[in-house]
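Reproduced below: data-v7.txt, with compact mmCIF, C-alpha atoms.
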# COMPACT_ATOMS: atom_id res chain seq x y z
CA MET A 16 128.65 112.33 93.44
CA SER A 17 130.61 114.38 96.02
CA GLN A 18 127.94 113.75 98.68
CA ARG A 19 128.00 109.99 97.98
CA SER A 20 131.80 109.99 98.30
CA ASP A 21 131.61 111.88 101.61
CA LEU A 22 129.07 109.36 102.93
CA ARG A 23 131.24 106.46 101.81
CA ARG A 24 134.29 107.90 103.59
CA ARG A 25 132.28 108.55 106.73
CA ARG A 26 130.92 105.02 106.72
CA ALA A 27 134.40 103.54 106.27
CA ALA A 28 135.73 105.63 109.16
CA LEU A 29 132.92 104.49 111.44
CA GLU A 30 133.40 100.84 110.47
CA ASP A 31 137.07 101.20 111.39
CA GLU A 32 136.22 102.75 114.77
CA TRP A 33 133.57 100.10 115.45
CA SER A 34 136.02 97.28 114.71
CA ARG A 35 138.62 98.95 116.89
CA TRP A 36 136.54 99.75 119.95
CA VAL A 37 133.53 97.43 120.30
CA PRO A 38 135.57 94.25 120.94
CA ARG A 39 137.56 96.12 123.61
CA LEU A 40 134.41 97.48 125.24
CA ARG A 41 133.14 93.92 125.65
CA THR A 42 136.17 92.89 127.69
CA ALA A 43 137.40 96.01 129.50
CA THR A 44 136.45 99.48 130.61
CA VAL A 45 137.88 101.88 128.08
CA SER A 46 137.07 105.37 126.90
CA PRO A 47 136.69 105.37 123.12
CA CYS A 48 137.65 108.56 121.40
CA GLY A 49 138.11 109.58 117.81
CA GLY A 50 137.04 112.14 115.29
CA ALA A 51 134.37 109.85 113.79
CA LEU A 52 132.80 108.91 117.12
CA ARG A 53 130.20 110.85 119.12
CA PRO A 54 130.23 110.49 122.91
CA GLU A 55 126.53 109.60 123.10
CA VAL A 56 127.13 106.75 120.66
CA THR A 57 130.09 105.23 122.48
CA ALA A 58 128.31 105.59 125.83
CA SER A 59 125.37 103.69 124.37
CA TRP A 60 127.71 100.99 123.02
CA ALA A 61 129.09 100.47 126.51
CA ARG A 62 125.63 100.27 128.09
CA SER A 63 124.25 97.97 125.40
CA LEU A 64 126.95 95.32 125.36
CA GLY A 65 125.72 93.86 128.63
CA SER A 66 122.51 92.65 126.99
CA VAL A 67 122.95 92.79 123.21
CA ASP A 68 125.17 90.65 120.98
CA PRO A 69 126.44 92.83 118.11
CA ALA A 70 126.12 89.80 115.83
CA ARG A 71 122.38 89.39 116.34
CA ASP A 72 120.46 89.50 113.07
CA SER A 73 117.13 91.07 114.06
CA ALA A 74 115.21 92.76 116.84
CA PRO A 75 113.39 90.56 119.36
CA ALA A 76 109.59 90.48 119.38
CA CYS A 77 107.60 92.15 122.12
CA GLY A 78 105.85 90.07 124.74
CA GLY A 79 102.55 90.63 126.54
CA ARG A 80 99.74 92.28 124.62
CA THR A 81 99.56 91.89 120.87
CA VAL A 82 100.66 94.72 118.60
CA SER A 83 97.04 95.24 117.53
CA GLU A 84 95.99 95.73 121.15
CA ARG A 85 98.86 98.11 121.83
CA TRP A 86 98.13 100.18 118.72
CA ALA A 87 94.39 100.29 119.43
CA ALA A 88 95.11 101.70 122.89
CA SER A 89 97.86 104.10 121.80
CA PRO A 90 97.09 107.84 121.91
CA LEU A 91 99.24 108.15 118.78
CA ARG A 92 96.98 105.99 116.61
CA ARG A 93 94.47 108.65 115.58
CA PRO A 94 96.90 111.52 114.86
CA VAL A 95 99.15 109.13 112.91
CA HIS A 96 96.11 107.96 110.93
CA ASP A 97 95.22 111.58 110.18
CA LEU A 98 98.71 112.08 108.73
CA ALA A 99 98.92 108.65 107.10
CA GLY A 100 98.70 110.06 103.57
CA GLU A 101 101.63 112.39 104.17
CA LEU A 102 103.66 109.70 105.94
CA HIS A 103 103.06 107.23 103.10
CA SER A 104 103.96 109.86 100.51
CA ILE A 105 107.23 110.79 102.20
CA ALA A 106 108.21 107.16 102.69
CA HIS A 107 107.45 106.20 99.09
CA ASP A 108 108.88 109.28 97.40
CA ALA A 109 112.13 109.43 99.40
CA GLY A 110 112.76 105.70 99.78
CA PHE A 111 112.25 105.55 103.56
CA VAL A 112 110.51 103.27 106.00
CA THR A 113 108.44 105.24 108.51
CA ALA A 114 107.83 103.75 111.96
CA VAL A 115 105.98 104.76 115.10
CA THR A 116 106.78 103.19 118.48
CA ASP A 117 105.24 103.28 121.92
CA GLU A 118 107.06 104.63 124.96
CA SER A 119 108.91 101.31 125.43
CA GLY A 120 110.46 101.30 121.95
CA THR A 121 108.15 98.65 120.49
CA ILE A 122 107.19 99.41 116.90
CA LEU A 123 103.40 99.67 116.48
CA TRP A 124 103.00 100.97 112.92
CA THR A 125 105.10 101.23 109.77
CA CYS A 126 104.73 102.25 106.14
CA GLY A 127 107.01 102.42 103.12
CA GLY A 128 107.67 101.10 99.67
CA ARG A 129 107.71 97.35 99.13
CA THR A 130 111.49 97.04 98.66
CA MET A 131 112.41 99.07 101.73
CA ARG A 132 109.73 97.42 103.83
CA HIS A 133 111.00 93.96 102.93
CA ARG A 134 114.54 95.02 103.79
CA ALA A 135 113.35 96.40 107.13
CA GLU A 136 111.41 93.25 107.94
CA ARG A 137 114.62 91.20 107.71
CA VAL A 138 115.84 92.91 110.89
CA ASN A 139 112.31 93.01 112.39
CA PHE A 140 112.03 96.75 111.90
CA ALA A 141 108.32 96.04 111.78
CA PRO A 142 105.29 96.07 114.11
CA GLY A 143 106.11 94.04 117.19
CA GLY A 144 109.89 94.55 117.03
CA ARG A 145 111.60 95.83 120.20
CA TRP A 146 114.12 98.61 119.57
CA ASP A 147 114.93 99.85 123.07
CA GLU A 148 118.61 99.90 124.04
CA SER A 149 118.52 96.72 126.11
CA ALA A 150 116.95 94.81 123.21
CA MET A 151 118.70 96.16 120.10
CA GLY A 152 121.58 98.27 121.36
CA THR A 153 122.55 101.64 119.93
CA ASN A 154 120.07 102.96 117.39
CA ALA A 155 118.23 106.21 116.82
CA LEU A 156 115.00 104.97 118.41
CA SER A 157 116.72 103.92 121.61
CA LEU A 158 118.75 107.15 121.83
CA ALA A 159 115.68 109.33 121.28
CA LEU A 160 113.81 107.47 124.02
CA ARG A 161 116.73 107.66 126.43
CA THR A 162 117.59 111.33 125.87
CA GLY A 163 114.16 112.71 125.02
CA ARG A 164 115.75 114.52 122.07
CA PRO A 165 115.85 114.00 118.29
CA SER A 166 118.55 111.54 117.27
CA THR A 167 120.34 110.34 114.14
CA VAL A 168 122.40 107.15 113.95
CA PHE A 169 124.41 106.46 110.79
CA SER A 170 125.82 103.14 109.57
CA ALA A 171 128.40 101.68 112.00
CA GLU A 172 127.26 103.95 114.81
CA HIS A 173 124.70 101.17 115.28
CA LEU A 174 126.00 98.56 117.71
CA VAL A 175 124.46 95.65 115.77
CA THR A 176 126.34 94.93 112.54
CA ALA A 177 123.15 93.97 110.70
CA LEU A 178 122.20 97.67 110.89
CA HIS A 179 125.43 99.10 109.47
CA GLY A 180 123.75 99.54 106.09
CA TRP A 181 121.13 101.90 107.56
CA VAL A 182 120.69 105.49 108.65
CA CYS A 183 117.84 106.41 111.00
CA TYR A 184 116.29 109.74 112.00
CA CYS A 185 114.06 109.90 115.08
CA ALA A 186 112.31 112.32 117.37
CA PRO A 187 110.22 111.61 120.48
CA VAL A 188 106.52 112.44 120.42
CA ARG A 189 105.19 114.09 123.58
CA GLY A 190 101.63 114.33 124.85
CA PRO A 191 100.07 117.58 126.05
CA ASP A 192 101.41 116.83 129.56
CA GLY A 193 104.99 116.54 128.27
CA ARG A 194 105.17 112.77 128.66
CA VAL A 195 106.96 110.86 125.88
CA LEU A 196 104.35 108.68 124.16
CA GLY A 197 106.64 107.13 121.57
CA VAL A 198 109.01 107.92 118.73
CA LEU A 199 108.60 108.74 115.05
CA ASP A 200 111.37 107.30 112.89
CA LEU A 201 112.43 107.67 109.25
CA SER A 202 114.96 105.03 108.17
CA THR A 203 116.70 104.28 104.88
CA THR A 204 119.95 102.91 103.51
CA TRP A 205 123.17 104.73 104.44
CA ASP A 206 123.74 106.03 100.89
CA ARG A 207 120.45 107.97 101.00
CA SER A 208 121.41 109.93 104.09
CA HIS A 209 120.27 113.53 103.71
CA PRO A 210 120.53 116.54 106.04
CA LEU A 211 116.88 117.49 105.43
CA ALA A 212 115.56 114.18 106.78
CA MET A 213 115.74 115.30 110.40
CA SER A 214 113.85 118.51 109.55
CA THR A 215 111.13 116.34 108.03
CA VAL A 216 110.93 114.22 111.18
CA ARG A 217 110.70 117.29 113.39
CA SER A 218 107.90 118.81 111.31
CA LEU A 219 105.93 115.56 111.34
CA VAL A 220 106.30 115.23 115.10
CA THR A 221 105.12 118.83 115.50
CA ALA A 222 102.04 117.99 113.42
CA ILE A 223 101.29 114.87 115.50
CA GLU A 224 101.72 116.76 118.76
CA GLY A 225 99.44 119.53 117.47
CA ARG A 226 96.70 116.98 116.82
CA LEU A 227 97.20 115.49 120.28
CA ARG A 228 96.63 118.92 121.82
CA THR A 229 93.48 119.66 119.82
CA GLU A 230 91.78 116.28 120.17
CA SER A 231 88.76 116.17 122.45
CA PRO A 232 89.75 114.64 125.77
CA THR A 233 88.39 111.17 126.41
CA ARG A 234 85.72 110.98 129.09
CA PRO A 235 87.13 109.72 132.41
CA GLY A 236 86.81 105.97 132.54
CA ALA A 237 85.91 105.65 128.85
CA ALA A 238 87.76 102.85 127.07
CA ALA A 239 89.39 103.23 123.68
CA PRO A 240 87.50 101.55 120.86
CA GLY A 241 88.40 97.89 120.56
CA PRO A 242 89.67 96.17 117.44
CA VAL A 243 87.29 95.30 114.63
CA ARG A 244 86.37 91.63 114.25
CA LEU A 245 85.57 90.61 110.68
CA THR A 246 83.76 87.34 110.01
CA CYS A 247 83.73 86.54 106.30
CA LEU A 248 83.73 82.72 106.09
CA GLY A 249 80.26 81.35 105.39
CA THR A 250 78.74 84.76 106.11
CA GLY A 251 79.72 88.43 106.27
CA ARG A 252 79.68 90.78 109.25
CA ALA A 253 81.95 93.17 111.10
CA GLU A 254 81.71 94.01 114.79
CA ARG A 255 83.43 96.26 117.29
CA ASP A 256 82.93 96.03 121.03
CA GLY A 257 80.02 93.63 120.47
CA ALA A 258 78.11 95.96 118.13
CA ALA A 259 77.67 95.37 114.40
CA LEU A 260 79.19 97.97 112.09
CA PRO A 261 76.71 99.40 109.54
CA LEU A 262 78.36 98.11 106.37
CA ARG A 263 76.77 97.33 103.04
CA PRO A 264 77.91 94.21 101.13
CA ARG A 265 80.34 96.20 98.97
CA GLN A 266 81.99 97.73 102.02
CA LEU A 267 82.34 94.28 103.60
CA GLU A 268 84.04 93.18 100.40
CA ILE A 269 86.49 96.08 100.61
CA LEU A 270 87.20 95.41 104.29
CA THR A 271 87.81 91.72 103.57
CA LEU A 272 90.22 92.47 100.74
CA LEU A 273 92.16 94.92 102.90
CA ALA A 274 92.25 92.47 105.82
CA LEU A 275 93.70 89.77 103.56
CA GLU A 276 96.26 92.13 101.98
CA PRO A 277 97.95 93.97 104.90
CA ARG A 278 100.26 95.81 102.52
CA GLY A 279 97.26 97.32 100.79
CA TYR A 280 96.17 98.08 97.25
CA THR A 281 96.75 100.82 94.78
CA PRO A 282 93.40 102.43 93.90
CA GLU A 283 93.50 100.86 90.43
CA ARG A 284 94.17 97.36 91.75
CA LEU A 285 91.50 97.56 94.45
CA ARG A 286 88.94 98.82 91.96
CA GLU A 287 89.76 95.92 89.64
CA ALA A 288 89.50 93.43 92.52
CA LEU A 289 86.02 94.76 93.33
CA TYR A 290 84.50 95.38 89.92
CA GLY A 291 86.64 93.62 87.33
CA ASP A 292 85.70 94.93 83.88
CA ARG A 293 82.39 96.47 85.00
CA PRO A 294 82.06 100.17 84.11
CA VAL A 295 81.94 101.82 87.55
CA THR A 296 82.67 105.50 88.02
CA ALA A 297 85.53 106.69 90.17
CA SER A 298 83.09 108.65 92.35
CA THR A 299 81.10 105.49 93.13
CA PHE A 300 84.26 103.63 94.08
CA LYS A 301 85.54 106.46 96.27
CA ALA A 302 82.15 106.80 97.95
CA GLU A 303 82.33 103.16 99.07
CA ILE A 304 85.82 103.73 100.49
CA SER A 305 84.66 106.88 102.28
CA HIS A 306 81.65 105.14 103.84
CA LEU A 307 83.85 102.30 105.10
CA ARG A 308 86.39 104.78 106.48
CA ARG A 309 83.65 106.63 108.39
CA ALA A 310 82.21 103.38 109.76
CA LEU A 311 85.64 102.36 111.03
CA GLY A 312 86.34 105.79 112.50
CA GLY A 313 89.23 106.22 110.08
CA GLY A 314 91.56 103.29 109.66
CA ILE A 315 92.19 103.33 105.88
CA ALA A 316 95.27 105.02 104.49
CA PRO A 317 94.80 107.20 101.40
CA ARG A 318 96.65 106.85 98.09
CA ARG A 319 97.60 103.22 98.72
CA TYR A 320 94.56 101.78 100.46
CA ALA A 321 95.61 99.81 103.54
CA LEU A 322 94.22 99.29 107.02
CA THR A 323 95.80 101.44 109.74
CA LEU A 324 93.78 100.06 112.63
CA PRO A 325 93.61 96.53 114.06
CA VAL A 326 91.18 94.23 112.23
CA SER A 327 91.07 90.54 113.08
CA CYS A 328 89.69 88.33 110.33
CA ASP A 329 88.66 84.66 110.41
CA ALA A 330 89.98 84.06 106.87
CA ALA A 331 93.37 85.49 107.84
CA ASP A 332 93.29 83.30 110.96
CA VAL A 333 92.79 80.23 108.75
CA LEU A 334 95.71 81.12 106.50
CA ARG A 335 97.97 81.83 109.46
CA ALA A 336 97.12 78.50 111.08
CA LEU A 337 97.78 76.61 107.85
CA GLU A 338 101.16 78.32 107.49
CA GLN A 339 101.99 77.07 110.99
CA GLY A 340 100.84 73.53 110.18
CA ASP A 341 97.96 73.78 112.68
CA LEU A 342 95.03 72.27 110.78
CA THR A 343 92.91 71.91 113.93
CA THR A 344 92.94 75.68 114.49
CA ALA A 345 92.42 76.37 110.80
CA LEU A 346 89.28 74.21 110.74
CA ARG A 347 87.99 75.80 113.93
CA HIS A 348 87.96 79.14 112.10
CA TYR A 349 86.80 77.79 108.73
CA ARG A 350 82.99 77.88 108.57
CA GLY A 351 82.43 77.94 104.83
CA PRO A 352 83.38 79.79 101.64
CA LEU A 353 84.68 83.34 101.76
CA LEU A 354 81.75 85.80 101.41
CA PRO A 355 79.79 83.15 99.47
CA ARG A 356 77.47 85.66 97.73
CA SER A 357 80.24 87.93 96.49
CA GLU A 358 81.12 88.00 92.81
CA ALA A 359 83.99 90.48 93.19
CA PRO A 360 86.91 89.05 91.16
CA GLY A 361 89.44 89.56 93.94
CA LEU A 362 87.26 87.73 96.44
CA VAL A 363 86.44 84.91 94.02
CA GLU A 364 90.20 84.38 93.74
CA TRP A 365 90.72 84.47 97.50
CA ARG A 366 87.75 82.13 98.01
CA ALA A 367 89.25 79.52 95.69
CA ARG A 368 92.67 79.92 97.30
CA LEU A 369 91.27 79.31 100.78
CA GLU A 370 89.11 76.37 99.77
CA VAL A 371 91.96 74.63 97.96
CA ALA A 372 94.39 75.20 100.82
CA VAL A 373 92.04 73.83 103.49
CA ARG A 374 90.73 70.96 101.36
CA GLU A 375 94.19 69.76 100.32
CA ALA A 376 95.40 69.87 103.93
CA VAL A 377 92.39 67.77 105.01
CA LEU A 378 92.86 65.20 102.24
CA ALA A 379 96.56 64.89 103.07
CA GLY A 380 95.91 64.49 106.77
CA PRO A 381 95.47 61.28 108.82
CA ARG A 382 92.84 62.50 111.28
CA PRO A 383 89.17 61.62 110.63
CA GLU A 384 87.92 64.50 112.77
CA HIS A 385 89.49 66.93 110.32
CA ALA A 386 87.67 65.33 107.39
CA LEU A 387 84.42 65.31 109.40
CA ARG A 388 84.78 68.97 110.32
CA TYR A 389 85.54 70.10 106.78
CA GLY A 390 82.87 67.78 105.36
CA ALA A 391 80.23 69.65 107.35
CA CYS A 392 81.18 72.80 105.40
CA ALA A 393 81.42 70.99 102.06
CA PRO A 394 78.39 68.67 101.92
CA TYR A 395 78.75 67.96 98.18
CA ASP A 396 82.44 67.05 98.24
CA ALA A 397 82.32 63.28 97.78
CA GLU A 398 86.11 62.90 97.86
CA VAL A 399 86.31 64.41 101.34
CA HIS A 400 83.54 62.09 102.64
CA GLU A 401 85.25 59.06 101.11
CA HIS A 402 88.48 60.12 102.81
CA ALA A 403 86.65 60.35 106.14
CA LEU A 404 85.22 56.82 105.72
CA ARG A 405 88.69 55.43 105.00
CA LEU A 406 90.01 56.97 108.21
CA LEU A 407 87.10 55.99 110.49
CA PRO A 408 87.42 52.48 111.97
CA PRO A 409 84.56 49.97 111.51
CA GLY A 410 81.85 50.46 114.08
CA ASP A 411 82.69 54.10 114.70
CA PRO A 412 79.38 55.84 115.52
CA ARG A 413 80.29 58.72 113.20
CA ARG A 414 80.33 56.58 110.07
CA PRO A 415 76.54 56.84 109.42
CA ILE A 416 76.87 60.64 109.35
CA VAL A 417 79.56 60.41 106.70
CA VAL A 418 77.65 57.79 104.71
CA GLY A 419 74.64 60.11 104.61
CA ARG A 420 76.79 63.01 103.41
CA LEU A 421 78.42 60.85 100.74
CA ARG A 422 75.07 59.66 99.37
CA THR A 423 73.83 63.25 99.20
CA ALA A 424 76.98 64.29 97.35
CA LEU A 425 76.78 61.40 94.88
CA ASN A 426 73.06 61.94 94.19
CA ASP A 427 73.42 65.66 93.60
Kindly present the structure from the file in structure tokens form.
Amino acid sequence: MSQRSDLRRRRAALEDEWSRWVPRLRTATVSPCGGALRPEVTASWARSLGSVDPARDSAPACGGRTVSERWAASPLRRPVHDLAGELHSIAHDAGFVTAVTDESGTILWTCGGRTMRHRAERVNFAPGGRWDESAMGTNALSLALRTGRPSTVFSAEHLVTALHGWVCYCAPVRGPDGRVLGVLDLSTTWDRSHPLAMSTVRSLVTAIEGRLRTESPTRPGAAAPGPVRLTCLGTGRAERDGAALPLRPRQLEILTLLALEPRGYTPERLREALYGDRPVTASTFKAEISHLRRALGGGIAPRRYALTLPVSCDAADVLRALEQGDLTTALRHYRGPLLPRSEAPGLVEWRARLEVAVREAVLAGPRPEHALRYGACAPYDAEVHEHALRLLPPGDPRRPIVVGRLRTALND
């Protein structure tokens, strides 16, 4: 109780100093001072106010390459994957969100419990968010990148008011040549501030840097492995850099489920999604996970199974396009039912969800080409063919195609 009271008093003092000094810093050159303020914080406030509105509600998104491309090329990806189990455990057990950035302050990877992750996503403390000083003002990530030293920022030490409910602990991660490659961050709500959090960050960074030193150097000119491309609509295959991955049907099912659920599965829930009520031993289930992990070169977090490497998936592309109201793009990716031969309960559910979403969007739409495109994937759906005929004008050369499909559907 005493620690909570101390934190509450400290937060109130910082809020008072923020309200007193930040408006003045925006309009004049002053030198803030006060027992609650640290010089590195006030100096960062002054630098940040030229580009950051303290009232902004979230971090801007990065431009240029996608987050998946950045993470695939990052030297931090493999050592972070190796420590993913420990990072997940710390985040879940202590109520933190863990984040890894690149050298520019763009977040590339996060993990944490559902509640904290949702809270972090509201301010775009998530993959793709920019947290450098010019983008998001004073925060622990930006200070660690600027100074090259571990940094903590508590409550109203943040310039942006949307972050006053947070405390963040960061340390830069250096490569074997001493170059800063990014930052490791542990963040939580202000009332969970704890003096041991920075020690945890330092030890994790030491472990990551140790793995960077012991990894085999990449051959000169050799490119990092590209992202995995998963095709699971109408067929099932996974490729990387143009080569097929050696996956059995069950492993394709697991990969598809993980690609469609970025937040991952508990072992119990994933096992149920794969096998339902079938009596399958734990060793059989774990063997399938292990084989998939080896085929991917890692990429699956332990404990809570989730992908930690970039995997693009045609089914996810369809869902994303539908969410954006782009039916043309959705139908370009949709080539048939999800893993049509699979009987895994979780995939049967996803298959129905996808089919209903695409079909209803087609039937509600005014464009005949959409009905024609979907009708090619659903030859026995008479209602879709009838919808296409209603939309096609008399004399349209495509009508005979639809008439033929409709007769086939009605005679089935």
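For the set A:Ala393, A:Val377, A:Ala372, A:Val188, the residue with the smallest atom-to-atom gap to Val417 of chain A is A:Ala393, counting only C-alpha atoms.
Among A:Pro210, A:Gly225, A:Pro360, A:Pro187, the residue with the shortest atom-to-atom distance to Glu268 of chain A, counting all atoms listed in the file, is A:Pro360.
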field: Distance query segment 26-38 of chain A at most 12 Å, all atoms listed in the file, self and fewer than 6 positions along chain excluded, as a PyMOL selection string
entry: chain A and resi 19-20+44-53+56-65+67-70+153+168-176+178-182+204-206+208
- request: Figure out the distance between atom CA of Thr130 of chain A and atom CA of Ala336 of chain A, please, to one decimal in Å.
  value: 26.5 Å
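Atom pair atom CA of Val333 of chain A / atom CA of His348 of chain A has a distance of 6.0 Å (rounded to one decimal).
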